[in-house]
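Shown next: input_6.cif, containing mmCIF, C-alpha atoms.
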data_entry
loop_
_atom_site.label_atom_id
_atom_site.label_comp_id
_atom_site.auth_asym_id
_atom_site.auth_seq_id
_atom_site.Cartn_x
_atom_site.Cartn_y
_atom_site.Cartn_z
CA LYS P 1 -13.35 16.06 -8.82
CA ASP P 2 -11.89 18.07 -11.77
CA LEU P 3 -8.47 16.74 -10.75
CA SER P 4 -5.53 18.11 -12.72
CA PHE P 5 -1.80 18.06 -12.10
CA SER P 6 1.35 19.34 -13.77
CA TYR P 7 4.96 19.22 -12.62
CA ASP P 8 5.99 22.23 -14.73
CA ASN P 9 2.72 24.21 -14.90
CA LYS P 10 2.64 23.53 -18.65
CA ASN P 11 2.23 19.87 -19.49
CA LYS P 12 -0.64 18.30 -17.59
CA ILE P 13 -0.03 14.74 -16.43
CA LEU P 14 -3.67 14.61 -15.31
CA ASN P 15 -6.35 16.83 -16.85
CA LYS P 16 -9.74 17.54 -15.23
CA ASN P 17 -10.57 14.02 -14.13
CA PHE P 18 -13.55 12.86 -12.11
CA LEU P 19 -12.85 9.66 -10.23
CA LYS P 20 -14.89 7.83 -7.60
CA ILE P 21 -13.44 4.93 -5.63
CA ASN P 22 -16.00 2.95 -3.68
CA LYS P 23 -15.23 1.71 -0.20
CA ASN P 24 -13.76 -1.78 0.27
CA ARG P 25 -13.26 -2.37 -3.47
CA PHE P 26 -10.08 -3.63 -5.13
CA ILE P 27 -9.00 -0.95 -7.61
CA GLY P 28 -6.40 -1.36 -10.36
CA PHE P 29 -4.59 1.42 -12.23
CA ILE P 30 -2.86 0.56 -15.50
CA GLY P 31 -1.13 2.59 -18.19
CA ASN P 32 2.18 3.05 -19.95
CA SER P 33 5.26 4.17 -18.05
CA GLY P 34 5.05 7.92 -17.47
CA SER P 35 1.28 8.02 -18.01
CA GLY P 36 0.60 9.35 -14.49
CA LYS P 37 -0.25 6.24 -12.45
CA THR P 38 2.27 6.95 -9.71
CA THR P 39 1.44 10.66 -9.77
CA LEU P 40 -2.25 9.93 -9.23
CA VAL P 41 -1.54 7.54 -6.36
CA ARG P 42 0.81 10.05 -4.73
CA ILE P 43 -1.97 12.63 -4.91
CA LEU P 44 -4.46 10.18 -3.39
CA MET P 45 -1.96 9.45 -0.60
CA GLY P 46 -1.57 13.16 0.15
CA LEU P 47 2.09 13.26 -0.94
CA LEU P 48 1.48 15.74 -3.76
CA GLU P 49 -0.61 18.72 -2.77
CA ASN P 50 -0.19 21.28 -5.57
CA TYR P 51 -3.01 19.76 -7.66
CA GLN P 52 -6.05 21.50 -9.09
CA GLY P 53 -9.54 20.34 -8.24
CA SER P 54 -10.99 18.77 -5.11
CA MET P 55 -10.53 15.47 -3.30
CA PHE P 56 -12.83 13.86 -0.75
CA PHE P 57 -12.15 11.07 1.76
CA ASP P 58 -15.21 9.49 3.40
CA GLU P 59 -17.22 12.34 1.82
CA VAL P 60 -15.14 14.97 3.63
CA GLU P 61 -13.09 17.31 1.45
CA ILE P 62 -9.37 16.94 2.04
CA THR P 63 -7.71 20.20 3.06
CA ASP P 64 -4.36 21.09 4.62
CA PHE P 65 -6.12 20.94 7.98
CA ASN P 66 -7.36 17.37 7.75
CA ASN P 67 -4.87 15.87 5.28
CA GLN P 68 -2.87 14.35 8.13
CA ILE P 69 -6.02 12.62 9.38
CA SER P 70 -6.65 11.00 6.01
CA ARG P 71 -3.01 9.89 5.74
CA SER P 72 -3.27 8.11 9.07
CA SER P 73 -5.98 5.92 7.52
CA MET P 74 -3.66 4.73 4.73
CA ALA P 75 -0.86 2.20 4.28
CA TYR P 76 1.59 1.62 1.42
CA LEU P 77 3.23 -1.56 0.11
CA PRO P 78 6.05 -0.73 -2.36
CA GLN P 79 7.59 -2.83 -5.12
CA LYS P 80 10.38 -3.86 -2.79
CA VAL P 81 10.27 -3.72 1.00
CA ASN P 82 13.42 -2.58 2.79
CA LEU P 83 13.80 -3.16 6.51
CA LEU P 84 15.69 -1.00 8.98
CA PRO P 85 18.67 -2.61 10.78
CA THR P 86 16.74 -3.11 13.98
CA THR P 87 14.19 -5.67 15.21
CA ILE P 88 11.25 -7.00 13.22
CA PHE P 89 8.95 -5.70 15.96
CA GLU P 90 10.23 -2.14 15.45
CA ASN P 91 10.07 -2.50 11.66
CA ILE P 92 6.39 -3.34 11.88
CA THR P 93 5.26 -1.09 14.74
CA PHE P 94 7.89 1.70 14.63
CA SER P 95 7.92 1.37 18.40
CA GLN P 96 10.13 -0.09 21.12
CA ASN P 97 7.14 -0.68 23.36
CA PHE P 98 7.62 -4.43 23.82
CA GLN P 99 4.37 -5.00 25.70
CA ASP P 100 2.83 -8.46 25.68
CA LYS P 101 -0.32 -7.17 23.96
CA GLN P 102 1.64 -5.68 21.07
CA ILE P 103 3.92 -8.72 20.82
CA HIS P 104 0.89 -10.99 20.59
CA GLU P 105 -0.72 -8.76 17.95
CA VAL P 106 2.42 -8.73 15.78
CA LEU P 107 2.87 -12.50 16.05
CA ASN P 108 -0.73 -12.98 14.91
CA LEU P 109 -0.23 -10.62 11.96
CA LEU P 110 2.91 -12.49 10.91
CA LYS P 111 1.01 -15.75 11.18
CA ASP P 112 -1.73 -14.35 8.94
CA CYS P 113 1.01 -13.39 6.47
CA LYS P 114 2.39 -16.96 6.45
CA LEU P 115 5.54 -16.05 8.38
CA ASP P 116 4.97 -18.01 11.59
CA HIS P 117 7.63 -20.55 10.52
CA ILE P 118 10.17 -17.74 11.08
CA PHE P 119 8.57 -15.72 13.87
CA LYS P 120 7.24 -18.14 16.46
CA GLU P 121 7.70 -16.27 19.73
CA LYS P 122 8.78 -12.99 21.32
CA LYS P 123 12.54 -13.63 21.02
CA ASP P 124 12.16 -13.89 17.24
CA LEU P 125 10.64 -10.40 17.09
CA ILE P 126 13.28 -8.62 19.19
CA LYS P 127 16.33 -10.12 17.50
CA GLU P 128 18.37 -7.60 15.47
CA ILE P 129 18.46 -8.04 11.69
CA ASP P 130 21.29 -6.95 9.40
CA ASP P 131 21.21 -3.82 7.25
CA LYS P 132 21.20 -5.79 3.97
CA ASN P 133 18.03 -7.73 4.82
CA SER P 134 19.89 -10.90 3.88
CA ASN P 135 17.98 -12.86 6.53
CA PHE P 136 14.91 -12.98 4.29
CA SER P 137 13.86 -13.87 0.77
CA VAL P 138 12.15 -11.27 -1.43
CA GLY P 139 8.82 -13.02 -0.88
CA GLU P 140 9.26 -12.93 2.89
CA LEU P 141 10.15 -9.23 2.77
CA GLN P 142 6.95 -8.44 0.88
CA ARG P 143 4.89 -10.35 3.44
CA ILE P 144 6.63 -8.51 6.28
CA GLY P 145 5.72 -5.30 4.47
CA LEU P 146 2.10 -6.42 4.26
CA ALA P 147 2.11 -7.19 8.00
CA ARG P 148 3.43 -3.65 8.61
CA CYS P 149 0.55 -2.25 6.55
CA LEU P 150 -2.03 -4.29 8.44
CA TYR P 151 -0.66 -3.24 11.83
CA LEU P 152 -1.81 0.29 10.99
CA LYS P 153 -5.40 -0.96 10.60
CA PRO P 154 -5.80 1.17 7.48
CA LYS P 155 -8.97 1.98 5.59
CA VAL P 156 -6.96 2.08 2.35
CA ILE P 157 -3.88 0.13 1.23
CA PHE P 158 -1.87 1.32 -1.77
CA LEU P 159 0.00 -1.41 -3.65
CA ASP P 160 2.76 -0.29 -6.03
CA GLU P 161 3.64 -3.22 -8.32
CA PRO P 162 3.61 -5.40 -5.17
CA THR P 163 4.62 -8.65 -6.92
CA SER P 164 7.05 -7.35 -9.56
CA ALA P 165 10.08 -8.92 -7.85
CA LEU P 166 8.36 -12.21 -6.99
CA ASP P 167 8.28 -15.58 -8.72
CA GLY P 168 4.96 -17.19 -9.64
CA LYS P 169 4.57 -19.10 -6.39
CA ASN P 170 5.23 -16.10 -4.14
CA GLU P 171 3.11 -13.83 -6.34
CA LYS P 172 0.14 -16.18 -5.97
CA GLN P 173 0.64 -16.43 -2.21
CA LEU P 174 0.85 -12.67 -1.69
CA MET P 175 -2.18 -11.98 -3.89
CA GLU P 176 -4.25 -14.56 -2.00
CA MET P 177 -3.46 -12.67 1.22
CA ILE P 178 -4.35 -9.31 -0.34
CA LEU P 179 -7.59 -10.65 -1.80
CA GLY P 180 -8.50 -12.06 1.61
CA LEU P 181 -8.34 -8.67 3.32
CA GLU P 182 -11.73 -7.45 4.47
CA ASN P 183 -13.07 -3.97 5.27
CA VAL P 184 -10.22 -2.23 3.45
CA THR P 185 -10.00 -0.50 0.08
CA LYS P 186 -7.11 -1.80 -2.01
CA ILE P 187 -5.60 0.43 -4.73
CA MET P 188 -2.97 -1.16 -6.96
CA ILE P 189 -0.63 0.05 -9.69
CA THR P 190 0.50 -2.76 -11.94
CA HIS P 191 1.62 -3.76 -15.44
CA ASN P 192 0.71 -7.37 -14.68
CA HIS P 193 -2.51 -8.28 -16.49
CA ASN P 194 -2.87 -11.45 -14.42
CA LEU P 195 -3.19 -9.30 -11.29
CA ILE P 196 -5.68 -6.94 -12.94
CA LYS P 197 -8.10 -9.86 -13.31
CA ASN P 198 -8.48 -9.82 -9.51
CA CYS P 199 -9.63 -6.19 -9.38
CA ASP P 200 -13.23 -5.10 -8.96
CA ASP P 201 -12.67 -1.87 -10.91
CA VAL P 202 -9.89 -1.03 -13.36
CA PHE P 203 -8.86 2.42 -14.59
CA LYS P 204 -6.51 3.14 -17.48
CA ILE P 205 -4.51 6.37 -17.45
CA SER P 206 -3.62 7.76 -20.87
CA ASN P 207 -3.00 11.28 -22.22
CA GLY P 208 -4.02 12.87 -18.93
CA GLU P 209 -7.33 11.00 -18.73
CA VAL P 210 -8.40 8.41 -16.15
CA ILE P 211 -10.76 6.04 -17.97
CA LYS P 212 -12.72 3.26 -16.29
CA ILE P 213 -12.39 0.08 -18.36
CA LYS P 214 -13.87 -2.42 -15.90
#

Kindly return the structure encoded in the file as structure tokens.
Amino acid sequence: KDLSFSYDNKNKILNKNFLKINKNRFIGFIGNSGSGKTTLVRILMGLLENYQGSMFFDEVEITDFNNQISRSSMAYLPQKVNLLPTTIFENITFSQNFQDKQIHEVLNLLKDCKLDHIFKEKKDLIKEIDDKNSNFSVGELQRIGLARCLYLKPKVIFLDEPTSALDGKNEKQLMEMILGLENVTKIMITHNHNLIKNCDDVFKISNGEVIKIK
């Protein structure tokens, strides 16, 4: 509500915007480079806090006190997923707690993300990977990133140009998985008009304004 933001306290990237995002919808943000798409998403994720106006999550105003709570309900899939030089299990869970329950959960997530041809059993999850991620294709990396998001059981997933590095086949496969997600709000930044067609609501950011166009 009345959301404004400036990096230099002079030029407003966002200027007194009212924006409502309904639960479990697929939201698309479009606009020219530098228009404020990434800035707006970083504000929504709680990564930029020196904004003007008010923000609400599940009808509760976000403050310094509860910002960490709202962040824990969110996940982020970047343009390109980079893995740490450790096991796939740790890359997804950020834990070394190799309990059977968690192993089973991760294997099921990877299966849902069409990666069960690579990760079939526990030994596949606890095998070290190299620091260049050369074990995997770009499409596989994005699906591992999606599995990491889903492990968090988020209420909101932010997608930052999630298919920009993918070919047509892998783009279609990833988007089918994203569209199939239930009980989660999906918020996507993209320049790809083919992806925008999948969104329930689309907002264009231009000259500091967030305008609903769909």

Practice task
Tell me which residues the PyMOL selection byres ((chain P and resi 70-81) around 10) grabs here, as a PyMOL selection string.
Solution key: chain P and resi 44-47+56-58+60+62-63+66-69+82-83+133+138-166+184-190

Practice task
Give me, please, the distance in Å between CA of His193 in chain P and CA of Thr39 in chain P, quoted to one decimal.
Solution key: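 Spanning CA of His193 in chain P to CA of Thr39 in chain P is a straight-line distance of 20.5 Å.
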
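Minimum atom-to-atom distance to Lys37 in chain P, evaluated using all atoms listed in the file, belongs to P:His191 out of P:Asn198, P:Asn50, P:Leu115, P:His191.
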
Problem - From P:Gly36, P:Asn17, P:Asp167, P:Ile126, residue lying nearest Gln96 in chain P [only C-alpha atoms] - result: P:Ile126

Problem - Picked residues, the PyMOL selection byres ((chain P and resi 53) around 9), expected as number ranges by chain - result: P: 1-5, 16-17, 51-52, 54-55

Exercise for the section: Could you check which of P:Ile43, P:Leu125, P:Ile118, P:Val202 is closest to Thr93 in chain P, using only C-alpha atoms? Expected result: P:Leu125

Practice task
Choose the residue, out of P:Lys122, P:Lys114, P:Asp201, P:Glu209, that has the smallest atom-to-atom separation from Lys23 in chain P; count only C-alpha atoms.
Solution key: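 Nearest to Lys23 in chain P: P:Asp201.
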
Practice task
Can you work out the spacing between CA of Lys101 in chain P and CA of Lys123 in chain P in Å, to one decimal?
Solution key: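 Straight-line distance from CA of Lys101 in chain P to CA of Lys123 in chain P works out to 14.7 Å.
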
As lines of an AutoDock Vina configuration file, please report the centre and edge lengths, rounded to one decimal in Å, of the axis-aligned box that holds all listed atoms of range 41-45 of chain P with 4 Å of padding on each of the six sides.
center_x = -1.8
center_y = 10.1
center_z = -3.5
size_x = 13.3
size_y = 13.1
size_z = 13.8

Practice task
Output the residue selection produced by the PyMOL selection byres ((chain P and resi 106) around 8) on the file above, formatted as a VMD selection string.
Solution key: chain P and resid 89 92 102 to 105 107 to 110 147 151

Practice task
Name the closest residue to Phe18 in chain P among the candidates P:Asn32, P:Gly208, P:Lys214, P:Lys197; distances are taken between atoms, counting all atoms listed in the file.
Solution key: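 So, comparing all the options, the nearest one is P:Gly208.
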
Exercise for the section: For the point (-0.7, -14.6, 0.2) in the file's frame, write as a PyMOL selection string all residues with an atom no more than 10 Å away, counting all atoms listed in the file. Expected result: chain P and resi 112-114+139+142-143+146+169-180

Practice task
State, in Å with one decimal place, the distance from CA of Asp8 in chain P to CA of Ser33 in chain P.
Solution key: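 Going from CA of Asp8 in chain P over to CA of Ser33 in chain P covers 18.4 Å.
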